[in-house]
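Here is the structure we will look at.
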Amino acid sequence: MKAVVMAGGEGTRLRPLTSNQPKPMVPIVGKPCMEHIVELLRAHGFEDIIVTLAFMPQAIRGYFGAGETHGVSIRYSVEESPAGTAGSVKLAEGALEEPFLVISGDALCDIDLGELVRFHQEKEAVVTIGLKHVDNPLEFGIVVTDADGRVERFLEKPSWGQVFTDTINTGIYVLDPEVLRHVPTDRPFDFSKELFPLLLEMGRPIYGYVAEGYWQDIGNLDQYRQANFDALDERVRLDIQGIRLRGNIWVGEGVELADLESVEGPAFVGNYCRIGPRASVGPYSVLSTSVTLRDHARTVRSVIDSATYVGRSALIEGAIVGKSCDIRPHARLHEGVAVGDSCTIGEQSVVLPGVRIYPFKEVESGAVVDRHLIWESRMPSRLFGRDAVAGLINVDLTPETTLRIGIALGTALKRGERVVTSRAAPPACRLLKRAVLSGVISTGVHVADLHVMAPAVNRHFLKNEGMGAGVHVRPSAQDPEVMEIQFFEPPGIQASPEFIKEIEKHFQRQEFRRAAYDEVGTITSPARAAEGYVADLIRTVDVDAIRAHGFRVVVEYSHSAVSLVLPLVLGALGVEAIAAHPYAGEYSPRVTLGEALGQTKRLVAAAGAHLGVVLDESGERLYLVDEHAHEVPVEQELLLFLSLLAMDGKAGALALPTTVTSLAEPLVKGSALEVRRTPASLSALTRAAAGDNVVFAGSIGGGFVFPDFLPAYDGVASLCKLLELLAPLDKPLSELVASLPVSTVVHREVRCPWARKGAVMRVLTERMKGKKVDTLDGIKVFERRGWAQVLPDPDEPLVHVYAEGKTPADGESLEAEFLALVEEVVGADGDGATPEEL
């Protein structure tokens with residue numbers, strides 16, 4: 001008797017395993033599922049086999065060939081267009097003159113096929129269906145038979161109210177060739193849904209044979225994993241390759257195994273696998289051919305396909321990993337994870353339960369993967385950065401992900417607290433803000449929504465109204481497709497790393513607080529938040545002095561929402577403003593910083609303005625153009641503010657990041673001002689600005705803080721304070737800038753894997769012993785030529801190298817020396833030694 005193996009399944013529910021191979025080729029204890037079926041057929045005397053193909057036919061044809069190596073003869077029938085189960089068999093009708101067996105190539109079984117054929121012959125049936133008792137028949141087609149086995153009724157995927165039996169259709173049939181005459185050729189046609197009901201209606205003898213033995217449909221990832229585990233437990237009779245040892249352990253040919261005790265049964269270790277010292281193969285591990293486990297790596301309850309490399313101390317538990325993957329050291333793959341072929345999982349990265357990663361993807365070092373990685377080629381190292389949550393819109397930051405961020409934020413706050421929300425203009429910001437807002441109120445936290453508004457107004461409202469936190473959604477300054485979700489804390493400062501980590505903890509663990517129906521948070525829209533901001537700001541500046549000077553200023557708004565606020569302030573101060581690119585709705589074109597500065601220079605020259613200012617899209621940063629239409633370098637901007645504060649007789653502390661030029665200290669020497677250095681983060685800077693006796697904080701890049709009004713970057717407040725400081729002086733801006741010293745600070749970045757950052761800092765610390773060192777943030781080394789600083793990036797696999805010399809040449813030489821030192825350690829082995837030293 002001939003056998004037809006149906007092997008056209010695409011296996012969409014098995015993706016990513018079936019993204020680049022047909023469903024019958026997924027491996028079960030080291031062999032494709034279909035190979036086990038071919039061996040079952042041969043064991044029951046079926047040596048003439050026809051295989052029907054559809055999806056990726058060459059993968060099956062190339063593996064099995066004509067069947068010689070499997071002791072059978074195999075021919076192929078390929079569907080050019082979808083034909084259905086019955087239609088695919090009809091394509092081979094010319095080779096089927098006698099009764100034949102039909103079996104699926106993607107369902108694992110050890111049913112006695114000979115008994116099925118004998119039953120068919122005894123009953124003189126035209127169709128005999130292999131049946132099986134199952135616990136849950138809802139996902140299968142139910143077949144109801146009488147006491148003699150004759151089929152009375154078919155039900156496809158019934159509800160519990162329609163379940164009259166637990167016998168289901170296994171997809172194994174014995175058929176007389178005459179039944180294929182009823183299969184049309186002009187459309188797809190199915191056995192169980194169409195042909196068999198038709199034959200039943202015609203009164204033809206259709207029987208069901210309840211088979212003993214094992215049968216498992218491999219329809220999804222859980223069933224696939226279970227089929228492998230059942231094979232290890234010998235619940236299904238298979239020809240498993242290798243030598244069987246104690247406790248259901250199979251070890252293949254050419255295996256390199258440092259210690260047999262490191263393998264706990266049941267387990268399968270395929271041909272040419274390498275198990276390193278102190279690596280462990282835990283129970284229910286299936287390692288296909290040429291899998292490598294390096295030192296201290298561990299697998300348990302996992303299926304790993306051929307040629308995959310598992311690095312030192314990596315952990316794979318309850319996961320499925322495809323062919324030729326690279327699992328880097330210290331990576332973690334958790335329960336239910338499925339990784340497709342040829343993926344790279346970076347060092348110290350974590351793939352959370354249930355995540356699917358499709359073939360040919362790369363997860364960066366240190367990433368926490370909490371969602372399926374399907375279209376993107378890379379997974380960013382982390383969603384939560386030092387100062388904000390950032391990611392590509394509808395890729396990293398989808399509505400569902402952002403909703404979880406909102407729920408995590410609400411969970412981190414006390415029930416009944418209030419959060420103020422705002423956003424930039426683009427519609428993508430509206431999408432994400434509403435998702436955050438919905439998540440927050442679901443936890444019983446209330447929201448005051450400012451809609452489109454500058455983040456400084458959000459911070460001011462947070463400070464004045466006693467809110468628990470603030471959220472602002474905006475596009476990244478570098479890439480408009482990258483969205484940033486900023487978090488603020490009282491009294492309007494950037495959220496601390498501790499608060500961000502608390503939100504991230506709830507987000508990753510999904511340990512969310514849920515409000516009862518009558519405790520869901522409320523949403524309000526404060527009507528006069530902007531007016532309150534303006535009134536408070538005006539109270540902090542010398543209005544009369546500014547009015548008396550009669551400033552004419554060009555203001556480039558870059559279409560930001562700050563244009564909803566600043567005109568109210570400038571009007572009250574008597575400033576004549578020439579405005580460019582004010583807020584014009586959600587679909588305003590993006591203005592780059594270069595375009596904005598060029599426009600401002602032209603307008604300053606044309607209008608004869610005292611100065612021009614460019615505000616970034618958030619209205620937080622300020623860039624200056626002098627009266628001669630020359631751009632003021634950002635390093636000089638900061639020194640300008642310090643010089644003006646000293647000349648004005650201000651007293652108190654100046655908070656500056658440790659990476660800012662050391663010219664600050666001599667510039668204010670002799671005044672009542674004192675420089676306090678902070679770590680190089682916005683959170684640390686704003687937290688320091690909120691401290692006692694601080695009158696100013698700032699950094700390179702146009703971000704300035706005047707804590708007497710708001711301890712945060714605020715371009716509007718910075719402009720007002722600048723006008724106040726300039727008002728009593730009888731000097732133009734260009735002359736003031738020209739009198740300032742010139743900074744020689746240089747900055748470079750070095751690519752550095754997350755796992756090497758600690759080694760970089762350790763080796764640098766050891767080599768800098770005996771020198772004057774500051775470890776406030778990173779390692780800052782002082783010497784006669786100047787200083788150099790090495791600072792690991794908290795969000796990216798980078799190390800920053802800063803240097804400042806007494807001359808530009810000194811700065812460049814210092815930078816080059818420390819850059820070479822960092823690169824040397826990055827390229828070294830695990831103990832910090834360079835390849836040459838080894």
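Every chain in the structure tokens takes a letter, A first, then B, and so on in the order presented; its residues are numbered from 1, and the ligands are numbered from 1 following the presented order.
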* To do: Find the residues around stretch 423-440 of chain A up to 8 Å (only C-alpha atoms counted), leave out those fewer than 2 positions away in its own chain, and share them as a PyMOL selection string.
  => chain A and resi 393+397-400+402-411+421+442-447+450-455+472-475+483+521+560-561+585-588+617-618
Can I get the selected residues back with C-alpha atoms, as a JSON list (two decimals), in the first residue's frame?
[["chain", "number", "residue", "atom", "x", "y", "z"],
["A", 393, "ILE", "CA", 6.95, 55.28, 17.48],
["A", 397, "LEU", "CA", 6.81, 52.64, 21.81],
["A", 398, "THR", "CA", 3.50, 51.14, 20.74],
["A", 399, "PRO", "CA", 0.18, 52.13, 22.32],
["A", 400, "GLU", "CA", 0.08, 48.89, 24.31],
["A", 402, "THR", "CA", 2.98, 52.95, 26.49],
["A", 403, "LEU", "CA", -0.21, 51.95, 28.30],
["A", 404, "ARG", "CA", 1.90, 49.64, 30.47],
["A", 405, "ILE", "CA", 4.31, 52.50, 31.14],
["A", 406, "GLY", "CA", 1.38, 54.59, 32.37],
["A", 407, "ILE", "CA", 0.14, 51.75, 34.59],
["A", 408, "ALA", "CA", 3.68, 51.31, 35.96],
["A", 409, "LEU", "CA", 3.90, 55.04, 36.75],
["A", 410, "GLY", "CA", 0.53, 54.98, 38.53],
["A", 411, "THR", "CA", 1.57, 51.89, 40.49],
["A", 421, "THR", "CA", 0.53, 65.47, 31.64],
["A", 442, "SER", "CA", -6.44, 52.74, 35.77],
["A", 443, "THR", "CA", -4.39, 52.62, 38.98],
["A", 444, "GLY", "CA", -6.54, 55.10, 40.88],
["A", 445, "VAL", "CA", -4.26, 58.09, 40.24],
["A", 446, "HIS", "CA", -5.80, 61.36, 38.98],
["A", 447, "VAL", "CA", -4.57, 63.31, 35.95],
["A", 450, "LEU", "CA", -2.44, 70.37, 29.88],
["A", 451, "HIS", "CA", -2.74, 69.04, 26.29],
["A", 452, "VAL", "CA", -0.18, 70.75, 23.97],
["A", 453, "MET", "CA", 2.04, 72.73, 26.31],
["A", 454, "ALA", "CA", 5.70, 73.51, 26.97],
["A", 455, "PRO", "CA", 7.26, 71.13, 29.52],
["A", 472, "HIS", "CA", 5.66, 65.13, 28.99],
["A", 473, "VAL", "CA", 5.73, 63.41, 25.59],
["A", 474, "ARG", "CA", 7.88, 64.87, 22.81],
["A", 475, "PRO", "CA", 9.85, 63.84, 19.72],
["A", 483, "MET", "CA", 9.48, 59.60, 20.90],
["A", 521, "GLY", "CA", -8.71, 58.19, 38.48],
["A", 560, "SER", "CA", 7.08, 74.74, 19.61],
["A", 561, "ALA", "CA", 4.23, 75.20, 22.07],
["A", 585, "GLY", "CA", -0.87, 73.02, 14.87],
["A", 586, "GLU", "CA", -0.06, 69.33, 14.98],
["A", 587, "TYR", "CA", 1.23, 68.99, 11.45],
["A", 588, "SER", "CA", 3.80, 71.80, 11.47],
["A", 617, "GLU", "CA", 11.11, 72.21, 20.02],
["A", 618, "SER", "CA", 10.47, 71.77, 23.73]]
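When the distance limit is 9 Å and only C-alpha atoms are what count, the residues near A:Arg687, minus those fewer than 2 positions from it on the same chain, are Ile493, Gln494, Ala495, Ser496, Leu682, Ser683, Ala684, Leu685, Ala689, Ala690, Gly691, Pro711 and Ala712 of chain A.
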Store the residues of this selection in a file with N, CA, C and O atoms, as an mmCIF file, in the first residue's frame.
data_model
loop_
_atom_site.group_PDB
_atom_site.id
_atom_site.type_symbol
_atom_site.label_atom_id
_atom_site.label_comp_id
_atom_site.auth_asym_id
_atom_site.auth_seq_id
_atom_site.Cartn_x
_atom_site.Cartn_y
_atom_site.Cartn_z
ATOM 1 N N ILE A 493 11.649 68.947 39.166
ATOM 2 C CA ILE A 493 12.957 68.491 38.685
ATOM 3 C C ILE A 493 12.789 67.267 37.788
ATOM 4 O O ILE A 493 11.734 66.629 37.763
ATOM 5 N N GLN A 494 13.851 66.950 37.047
ATOM 6 C CA GLN A 494 13.863 65.715 36.265
ATOM 7 C C GLN A 494 13.770 64.524 37.214
ATOM 8 O O GLN A 494 14.353 64.534 38.298
ATOM 9 N N ALA A 495 13.014 63.515 36.820
ATOM 10 C CA ALA A 495 12.849 62.342 37.685
ATOM 11 C C ALA A 495 14.206 61.729 38.014
ATOM 12 O O ALA A 495 15.080 61.603 37.152
ATOM 13 N N SER A 496 14.362 61.324 39.238
ATOM 14 C CA SER A 496 15.613 60.729 39.699
ATOM 15 C C SER A 496 15.772 59.316 39.140
ATOM 16 O O SER A 496 14.778 58.670 38.778
ATOM 17 N N LEU A 682 21.100 65.073 33.667
ATOM 18 C CA LEU A 682 20.098 66.112 33.872
ATOM 19 C C LEU A 682 19.423 65.955 35.222
ATOM 20 O O LEU A 682 19.128 66.942 35.904
ATOM 21 N N SER A 683 19.178 64.722 35.628
ATOM 22 C CA SER A 683 18.552 64.475 36.923
ATOM 23 C C SER A 683 19.420 65.008 38.066
ATOM 24 O O SER A 683 18.927 65.693 38.971
ATOM 25 N N ALA A 684 20.725 64.715 38.005
ATOM 26 C CA ALA A 684 21.623 65.178 39.071
ATOM 27 C C ALA A 684 21.730 66.693 39.079
ATOM 28 O O ALA A 684 21.777 67.325 40.140
ATOM 29 N N LEU A 685 21.743 67.291 37.874
ATOM 30 C CA LEU A 685 21.871 68.747 37.783
ATOM 31 C C LEU A 685 20.627 69.436 38.353
ATOM 32 O O LEU A 685 20.747 70.395 39.133
ATOM 33 N N ALA A 689 20.179 71.785 41.591
ATOM 34 C CA ALA A 689 19.609 73.131 41.446
ATOM 35 C C ALA A 689 18.516 73.396 42.473
ATOM 36 O O ALA A 689 18.302 74.546 42.878
ATOM 37 N N ALA A 690 17.820 72.337 42.888
ATOM 38 C CA ALA A 690 16.756 72.487 43.878
ATOM 39 C C ALA A 690 17.307 72.581 45.294
ATOM 40 O O ALA A 690 16.533 72.759 46.245
ATOM 41 N N GLY A 691 18.623 72.474 45.453
ATOM 42 C CA GLY A 691 19.230 72.514 46.774
ATOM 43 C C GLY A 691 19.329 73.934 47.325
ATOM 44 O O GLY A 691 18.982 74.921 46.656
ATOM 45 N N PRO A 711 13.398 74.750 39.142
ATOM 46 C CA PRO A 711 14.662 73.993 39.101
ATOM 47 C C PRO A 711 14.728 73.036 37.908
ATOM 48 O O PRO A 711 14.841 71.819 38.055
ATOM 49 N N ALA A 712 14.647 73.607 36.693
ATOM 50 C CA ALA A 712 14.641 72.782 35.484
ATOM 51 C C ALA A 712 15.041 73.638 34.298
ATOM 52 O O ALA A 712 14.973 74.877 34.348
#
* To do: Mind checking which residues fall within 12 Å of A:Asp777, counting only C-alpha atoms, ignoring those fewer than 5 positions away in the same chain, and posting them as JSON, numbers by chain?
  => {"A": [657, 658, 659, 677, 678, 679, 680, 681, 684, 761, 789, 790, 791, 792, 793, 794, 800]}
Got time to write the residues from that selection, C-alpha atoms, as a PDB file, in the first residue's frame?
ATOM      1  CA  PRO A 657      28.311  69.113  35.612  1.00  0.00           C
ATOM      2  CA  THR A 658      31.761  67.690  36.147  1.00  0.00           C
ATOM      3  CA  THR A 659      32.302  67.524  32.360  1.00  0.00           C
ATOM      4  CA  ARG A 677      30.158  70.168  40.460  1.00  0.00           C
ATOM      5  CA  THR A 678      27.488  67.530  39.848  1.00  0.00           C
ATOM      6  CA  PRO A 679      27.396  64.192  38.031  1.00  0.00           C
ATOM      7  CA  ALA A 680      26.858  64.560  34.284  1.00  0.00           C
ATOM      8  CA  SER A 681      23.127  63.873  34.165  1.00  0.00           C
ATOM      9  CA  ALA A 684      21.623  65.178  39.071  1.00  0.00           C
ATOM     10  CA  MET A 761      36.809  51.560  34.909  1.00  0.00           C
ATOM     11  CA  GLN A 789      37.603  62.206  32.161  1.00  0.00           C
ATOM     12  CA  VAL A 790      36.315  58.748  31.273  1.00  0.00           C
ATOM     13  CA  LEU A 791      32.588  58.271  31.784  1.00  0.00           C
ATOM     14  CA  PRO A 792      30.538  55.147  30.904  1.00  0.00           C
ATOM     15  CA  ASP A 793      27.253  55.910  29.150  1.00  0.00           C
ATOM     16  CA  PRO A 794      24.274  54.710  31.236  1.00  0.00           C
ATOM     17  CA  HIS A 800      32.707  58.960  26.823  1.00  0.00           C
TER      18      HIS A 800
END
* Go through A:Ile50, A:Val554, A:Ala388, A:Leu221 one by one, measure the shortest atom-to-atom distance of each to A:Val604 using only C-alpha atoms, and give the residue with the smallest value. => A:Val554
How would you write, as a PDB file with all heavy atoms, in the first residue's frame, the set of residues in stretch 253-293 of chain A that DSSP gives as strand (DSSP E)?
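Output (out.pdb):
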ATOM      1  N   GLU A 256      31.596  16.348  22.876  1.00  0.00           N
ATOM      2  CA  GLU A 256      32.659  16.729  23.815  1.00  0.00           C
ATOM      3  C   GLU A 256      31.990  17.128  25.124  1.00  0.00           C
ATOM      4  O   GLU A 256      31.312  18.165  25.197  1.00  0.00           O
ATOM      5  CB  GLU A 256      33.471  17.901  23.266  1.00  0.00           C
ATOM      6  CG  GLU A 256      34.236  17.554  22.004  1.00  0.00           C
ATOM      7  CD  GLU A 256      35.033  18.738  21.478  1.00  0.00           C
ATOM      8  OE1 GLU A 256      35.412  19.600  22.307  1.00  0.00           O
ATOM      9  OE2 GLU A 256      35.243  18.808  20.267  1.00  0.00           O
ATOM     10  N   LEU A 257      32.186  16.293  26.114  1.00  0.00           N
ATOM     11  CA  LEU A 257      31.486  16.477  27.383  1.00  0.00           C
ATOM     12  C   LEU A 257      32.513  16.431  28.507  1.00  0.00           C
ATOM     13  O   LEU A 257      33.127  15.397  28.757  1.00  0.00           O
ATOM     14  CB  LEU A 257      30.433  15.375  27.559  1.00  0.00           C
ATOM     15  CG  LEU A 257      29.531  15.422  28.773  1.00  0.00           C
ATOM     16  CD1 LEU A 257      28.740  16.714  28.816  1.00  0.00           C
ATOM     17  CD2 LEU A 257      28.574  14.221  28.740  1.00  0.00           C
ATOM     18  N   ALA A 267      17.318  13.952  28.892  1.00  0.00           N
ATOM     19  CA  ALA A 267      17.962  14.962  28.050  1.00  0.00           C
ATOM     20  C   ALA A 267      18.463  14.313  26.778  1.00  0.00           C
ATOM     21  O   ALA A 267      18.736  13.107  26.733  1.00  0.00           O
ATOM     22  CB  ALA A 267      19.107  15.636  28.797  1.00  0.00           C
ATOM     23  N   PHE A 268      18.607  15.121  25.727  1.00  0.00           N
ATOM     24  CA  PHE A 268      19.157  14.664  24.457  1.00  0.00           C
ATOM     25  C   PHE A 268      20.284  15.610  24.061  1.00  0.00           C
ATOM     26  O   PHE A 268      20.089  16.817  23.954  1.00  0.00           O
ATOM     27  CB  PHE A 268      18.077  14.661  23.378  1.00  0.00           C
ATOM     28  CG  PHE A 268      18.603  14.379  21.995  1.00  0.00           C
ATOM     29  CD1 PHE A 268      18.856  13.085  21.591  1.00  0.00           C
ATOM     30  CD2 PHE A 268      18.867  15.421  21.099  1.00  0.00           C
ATOM     31  CE1 PHE A 268      19.346  12.818  20.318  1.00  0.00           C
ATOM     32  CE2 PHE A 268      19.349  15.163  19.835  1.00  0.00           C
ATOM     33  CZ  PHE A 268      19.591  13.865  19.437  1.00  0.00           C
ATOM     34  N   VAL A 269      21.488  15.039  23.855  1.00  0.00           N
ATOM     35  CA  VAL A 269      22.655  15.812  23.429  1.00  0.00           C
ATOM     36  C   VAL A 269      23.073  15.262  22.074  1.00  0.00           C
ATOM     37  O   VAL A 269      23.586  14.147  21.970  1.00  0.00           O
ATOM     38  CB  VAL A 269      23.808  15.703  24.447  1.00  0.00           C
ATOM     39  CG1 VAL A 269      24.989  16.553  23.996  1.00  0.00           C
ATOM     40  CG2 VAL A 269      23.337  16.145  25.835  1.00  0.00           C
ATOM     41  N   ARG A 274      29.233  20.377  22.120  1.00  0.00           N
ATOM     42  CA  ARG A 274      30.346  20.661  23.025  1.00  0.00           C
ATOM     43  C   ARG A 274      29.780  21.250  24.310  1.00  0.00           C
ATOM     44  O   ARG A 274      29.158  22.319  24.289  1.00  0.00           O
ATOM     45  CB  ARG A 274      31.327  21.649  22.392  1.00  0.00           C
ATOM     46  CG  ARG A 274      32.032  21.119  21.147  1.00  0.00           C
ATOM     47  CD  ARG A 274      32.811  22.234  20.456  1.00  0.00           C
ATOM     48  NE  ARG A 274      33.712  22.895  21.391  1.00  0.00           N
ATOM     49  CZ  ARG A 274      34.034  24.180  21.335  1.00  0.00           C
ATOM     50  NH1 ARG A 274      33.505  24.958  20.410  1.00  0.00           N
ATOM     51  NH2 ARG A 274      34.874  24.707  22.207  1.00  0.00           N
ATOM     52  N   ILE A 275      29.997  20.550  25.406  1.00  0.00           N
ATOM     53  CA  ILE A 275      29.524  21.003  26.714  1.00  0.00           C
ATOM     54  C   ILE A 275      30.752  21.379  27.532  1.00  0.00           C
ATOM     55  O   ILE A 275      31.555  20.524  27.901  1.00  0.00           O
ATOM     56  CB  ILE A 275      28.709  19.911  27.438  1.00  0.00           C
ATOM     57  CG1 ILE A 275      27.663  19.297  26.485  1.00  0.00           C
ATOM     58  CG2 ILE A 275      28.056  20.479  28.690  1.00  0.00           C
ATOM     59  CD1 ILE A 275      26.659  20.274  25.939  1.00  0.00           C
ATOM     60  N   SER A 280      25.980  23.071  32.454  1.00  0.00           N
ATOM     61  CA  SER A 280      25.045  22.026  32.869  1.00  0.00           C
ATOM     62  C   SER A 280      23.873  21.933  31.897  1.00  0.00           C
ATOM     63  O   SER A 280      23.324  22.957  31.473  1.00  0.00           O
ATOM     64  CB  SER A 280      24.538  22.277  34.292  1.00  0.00           C
ATOM     65  OG  SER A 280      23.782  23.457  34.363  1.00  0.00           O
ATOM     66  N   VAL A 281      23.552  20.694  31.570  1.00  0.00           N
ATOM     67  CA  VAL A 281      22.397  20.386  30.733  1.00  0.00           C
ATOM     68  C   VAL A 281      21.323  19.852  31.663  1.00  0.00           C
ATOM     69  O   VAL A 281      21.416  18.726  32.142  1.00  0.00           O
ATOM     70  CB  VAL A 281      22.755  19.360  29.643  1.00  0.00           C
ATOM     71  CG1 VAL A 281      21.545  19.040  28.791  1.00  0.00           C
ATOM     72  CG2 VAL A 281      23.908  19.875  28.788  1.00  0.00           C
ATOM     73  N   SER A 285      16.246  18.977  28.483  1.00  0.00           N
ATOM     74  CA  SER A 285      16.991  19.771  27.516  1.00  0.00           C
ATOM     75  C   SER A 285      17.180  18.945  26.256  1.00  0.00           C
ATOM     76  O   SER A 285      17.532  17.756  26.329  1.00  0.00           O
ATOM     77  CB  SER A 285      18.359  20.168  28.078  1.00  0.00           C
ATOM     78  OG  SER A 285      18.236  21.075  29.142  1.00  0.00           O
ATOM     79  N   VAL A 286      16.947  19.567  25.116  1.00  0.00           N
ATOM     80  CA  VAL A 286      17.152  18.922  23.817  1.00  0.00           C
ATOM     81  C   VAL A 286      18.127  19.785  23.032  1.00  0.00           C
ATOM     82  O   VAL A 286      17.805  20.908  22.650  1.00  0.00           O
ATOM     83  CB  VAL A 286      15.827  18.770  23.056  1.00  0.00           C
ATOM     84  CG1 VAL A 286      16.082  18.195  21.665  1.00  0.00           C
ATOM     85  CG2 VAL A 286      14.852  17.895  23.831  1.00  0.00           C
ATOM     86  N   LEU A 287      19.344  19.253  22.812  1.00  0.00           N
ATOM     87  CA  LEU A 287      20.375  19.972  22.072  1.00  0.00           C
ATOM     88  C   LEU A 287      20.621  19.246  20.759  1.00  0.00           C
ATOM     89  O   LEU A 287      21.093  18.115  20.749  1.00  0.00           O
ATOM     90  CB  LEU A 287      21.677  20.056  22.871  1.00  0.00           C
ATOM     91  CG  LEU A 287      21.587  20.506  24.341  1.00  0.00           C
ATOM     92  CD1 LEU A 287      22.983  20.607  24.943  1.00  0.00           C
ATOM     93  CD2 LEU A 287      20.853  21.816  24.472  1.00  0.00           C
ATOM     94  N   THR A 292      26.838  24.316  21.132  1.00  0.00           N
ATOM     95  CA  THR A 292      27.930  24.558  22.062  1.00  0.00           C
ATOM     96  C   THR A 292      27.412  25.238  23.310  1.00  0.00           C
ATOM     97  O   THR A 292      26.704  26.248  23.220  1.00  0.00           O
ATOM     98  CB  THR A 292      29.008  25.451  21.422  1.00  0.00           C
ATOM     99  OG1 THR A 292      29.575  24.758  20.306  1.00  0.00           O
ATOM    100  CG2 THR A 292      30.112  25.779  22.411  1.00  0.00           C
ATOM    101  N   LEU A 293      27.749  24.685  24.478  1.00  0.00           N
ATOM    102  CA  LEU A 293      27.477  25.316  25.765  1.00  0.00           C
ATOM    103  C   LEU A 293      28.819  25.642  26.406  1.00  0.00           C
ATOM    104  O   LEU A 293      29.582  24.740  26.729  1.00  0.00           O
ATOM    105  CB  LEU A 293      26.682  24.372  26.692  1.00  0.00           C
ATOM    106  CG  LEU A 293      25.199  24.651  26.904  1.00  0.00           C
ATOM    107  CD1 LEU A 293      24.460  24.474  25.588  1.00  0.00           C
ATOM    108  CD2 LEU A 293      24.621  23.721  27.952  1.00  0.00           C
TER     109      LEU A 293
END
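Distances to A:Gly466 were evaluated for A:Ala95, A:Ala579, A:Leu101, A:Ala448 using only C-alpha atoms, and the minimum falls at A:Ala448.
Atom CA of A:Asp795 lies 20.8 Å from atom CA of A:Leu764.
Using only C-alpha atoms, the residues found no farther than 10 Å from A:Ser718, other than those of its own chain fewer than 6 positions away, are A:Glu620, A:Arg621, A:Leu622, A:Phe641, A:Gly702, A:Gly703, A:Phe704, A:Val705, A:Phe706, A:Glu724.
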* To do: Pick out the residues sitting within 12 Å of A:Ala580, and hand them over as a ChimeraX atom specification; count only C-alpha atoms, and ignore anything fewer than 6 positions along from it in its own chain.
  => /A:553-560,563,591,595-604,612-615
* Compare A:Val632, A:Val4, A:Val126, A:Leu131 by their minimum atom-to-atom distance to A:Ile74, counting only C-alpha atoms, and give me the closest one. => A:Val4
* What is the atom CA of A:Phe196 to atom CA of A:Phe154 distance in Å? -> 8.3 Å
* Top pick for closest residue to A:Leu726, considering A:Val26, A:Leu352, A:Leu644, A:Leu814 and counting only C-alpha atoms -> A:Leu644
* Residues at most 12 Å from A:Ala231, counting only C-alpha atoms, excluding those fewer than 4 positions away in the same chain, as a ChimeraX atom specification? -> /A:27-31,33,36,108-110,214-216,224-227,235-241,248-250,266-268,284-286
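With only C-alpha atoms as the atoms that count, the minimum distance from A:Asp387 to the choices A:Glu484, A:Glu68, A:Asp479, A:Asp730 is reached by A:Glu484.
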* Taking the chain letters and numbering used in this document, name the residues of stretch 21-186 of chain A that DSSP puts in helix (DSSP H, G or I), as a ChimeraX atom specification. => /A:23-25,33-43,57-64,68-70,84-90,93-95,113-123,137-139,160-162,177-182
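Compared by their closest atoms to A:Gln508, and using only C-alpha atoms, the residues A:Phe189, A:Phe384, A:Tyr713, A:Phe818 rank with A:Phe384 nearest.
Taking atom CA of A:Pro188 and atom CA of A:Glu152 as endpoints, the distance between them is 24.7 Å.
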* Name all residues at most 9 Å from A:Val750 (count only C-alpha atoms; drop same-chain ones fewer than 3 positions away) and give them as an MDAnalysis selection string. => chainID A and resid 797:801 819 822:823 826
